[in-house]
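Novice: My questions all concern the structure below.
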Amino acid sequence: MEAFSHYTYHRSGGNLIVCDLQGRYKPNRFTRSKSRFELTDVAICSRRCTYGPTDLGEKGIDSFFNSHVCNQFCSVNGHWARPNRTRQWFPQSSSTSMMRSSQAHLLNLNNRSTFQPGYGGILEEDSDSDY
């Protein structure tokens with residue numbers, strides 16, 4: 001899944017990354033020859049922060065690559081682009097992180113703000129309930 005995220009960064013020319021991938025392998029119940037992966041709850045981090053409250057902007061992209069280690073699926077057919085220097089701007093979390101739109105300016109790499117657990121501007125969602 002991380003290789004797919006890396007690929008989206010490469011294909012977009014470094015403008016965005018599809019991340020926070022969750023999903024499942026789903027066999028076809030009618031034929032055993034065809035099956036698929038279903039990805040849900042994806043987030044897009046973009047340089048322009050245009051994809052809603054889970055778009056953590058440049059800092060989201062930076063944080064992904066700070067912890068990403070390329071594997072055998074990365075760099076297929078050549079070298080895939082990645083940022084030169086990265087930093088962990090957000091604590092790693094198994095939940096989904098969202099920002100209030102009024103604080104989107106904090107997501108620009110020129111802003112030196114970092115985020116800690118419990119920070120008032122970042123909302124953590126870790127429940128699967130619909131309530």
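Numbering starts fresh at 1 for the residues of each chain in the structure tokens, the chains themselves are lettered A, B, ... in the order given, and ligands are numbered from 1 as they appear.
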Would you list the contacts of Asn71 in chain A as a list in words, taking every protein, DNA or RNA residue within 12 Å and counting only C-alpha atoms, but skipping same-chain residues closer than 5 positions in sequence?
Specialist: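 Result of the neighbour search: Met1, Glu2, Ala3, Phe4, His6, Tyr7, Val76 and Trp80 of chain A.
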Novice: Report as a PDB file with N, CA, C and O atoms, in the first residue's frame all protein, DNA and RNA residues lying within 8 Å of Val18 in chain A, evaluated on only C-alpha atoms, omitting residues in the same chain fewer than 2 positions from it.
Specialist:
ATOM      1  N   PHE A   4       2.016   2.188  -3.418  1.00  0.00           N
ATOM      2  CA  PHE A   4       0.990   2.897  -4.191  1.00  0.00           C
ATOM      3  C   PHE A   4       0.987   4.375  -3.814  1.00  0.00           C
ATOM      4  O   PHE A   4       0.906   5.239  -4.690  1.00  0.00           O
ATOM      5  N   SER A   5       1.084   4.679  -2.538  1.00  0.00           N
ATOM      6  CA  SER A   5       1.149   6.078  -2.110  1.00  0.00           C
ATOM      7  C   SER A   5       2.349   6.771  -2.731  1.00  0.00           C
ATOM      8  O   SER A   5       2.244   7.889  -3.237  1.00  0.00           O
ATOM      9  N   THR A   8       1.691   7.555  -6.370  1.00  0.00           N
ATOM     10  CA  THR A   8       0.816   8.711  -6.626  1.00  0.00           C
ATOM     11  C   THR A   8       1.596  10.017  -6.537  1.00  0.00           C
ATOM     12  O   THR A   8       1.338  10.950  -7.292  1.00  0.00           O
ATOM     13  N   TYR A   9       2.561  10.074  -5.643  1.00  0.00           N
ATOM     14  CA  TYR A   9       3.414  11.254  -5.546  1.00  0.00           C
ATOM     15  C   TYR A   9       4.241  11.399  -6.828  1.00  0.00           C
ATOM     16  O   TYR A   9       4.320  12.475  -7.413  1.00  0.00           O
ATOM     17  N   LEU A  16       0.836  15.807  -5.091  1.00  0.00           N
ATOM     18  CA  LEU A  16      -0.086  15.207  -4.129  1.00  0.00           C
ATOM     19  C   LEU A  16       0.324  13.783  -3.822  1.00  0.00           C
ATOM     20  O   LEU A  16       1.178  13.208  -4.485  1.00  0.00           O
ATOM     21  N   ASP A  20      -3.228   7.150   3.768  1.00  0.00           N
ATOM     22  CA  ASP A  20      -4.183   6.669   4.769  1.00  0.00           C
ATOM     23  C   ASP A  20      -5.021   5.536   4.183  1.00  0.00           C
ATOM     24  O   ASP A  20      -6.226   5.462   4.364  1.00  0.00           O
ATOM     25  N   LEU A  21      -4.357   4.667   3.432  1.00  0.00           N
ATOM     26  CA  LEU A  21      -5.058   3.595   2.733  1.00  0.00           C
ATOM     27  C   LEU A  21      -5.497   2.490   3.690  1.00  0.00           C
ATOM     28  O   LEU A  21      -4.706   1.990   4.477  1.00  0.00           O
ATOM     29  N   VAL A  42      -9.664   6.717   1.961  1.00  0.00           N
ATOM     30  CA  VAL A  42      -8.379   7.284   1.541  1.00  0.00           C
ATOM     31  C   VAL A  42      -8.353   8.779   1.823  1.00  0.00           C
ATOM     32  O   VAL A  42      -9.392   9.432   1.919  1.00  0.00           O
ATOM     33  N   ALA A  43      -7.166   9.300   1.979  1.00  0.00           N
ATOM     34  CA  ALA A  43      -6.966  10.741   2.134  1.00  0.00           C
ATOM     35  C   ALA A  43      -5.998  11.184   1.049  1.00  0.00           C
ATOM     36  O   ALA A  43      -5.148  10.410   0.606  1.00  0.00           O
ATOM     37  N   ILE A  44      -6.150  12.410   0.615  1.00  0.00           N
ATOM     38  CA  ILE A  44      -5.226  12.994  -0.354  1.00  0.00           C
ATOM     39  C   ILE A  44      -4.581  14.199   0.310  1.00  0.00           C
ATOM     40  O   ILE A  44      -5.279  15.081   0.819  1.00  0.00           O
ATOM     41  N   CYS A  45      -3.260  14.230   0.319  1.00  0.00           N
ATOM     42  CA  CYS A  45      -2.526  15.396   0.778  1.00  0.00           C
ATOM     43  C   CYS A  45      -1.964  16.082  -0.462  1.00  0.00           C
ATOM     44  O   CYS A  45      -1.321  15.437  -1.283  1.00  0.00           O
TER      45      CYS A  45
END
Novice: Out of A:Gly23, A:Gly52, A:Gly13, A:Gly78, which residue has the shortest atom-to-atom distance to Leu39 in chain A when counting only C-alpha atoms?
Specialist: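 Checking each candidate against Leu39 in chain A, we get A:Gly23 as the closest.
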Novice: Residues within 12 Å of Asn84 in chain A, please, as a PyMOL selection string. Count only C-alpha atoms; anything in the same chain fewer than 6 positions from it doesn't count.
Specialist: chain A and resi 14+61-62+65-66
Novice: Return as a ChimeraX atom specification the full set of residues in range 1-65 of chain A whose backbone-based DSSP assignment is alpha helix (DSSP H).
Specialist: /A:2-11,57-65
Novice: Please measure the separation of CA of Arg47 in chain A and CA of Asn15 in chain A, giving the value in Å to one decimal.
Specialist: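 For CA of Arg47 in chain A relative to CA of Asn15 in chain A, the distance reads 5.5 Å.
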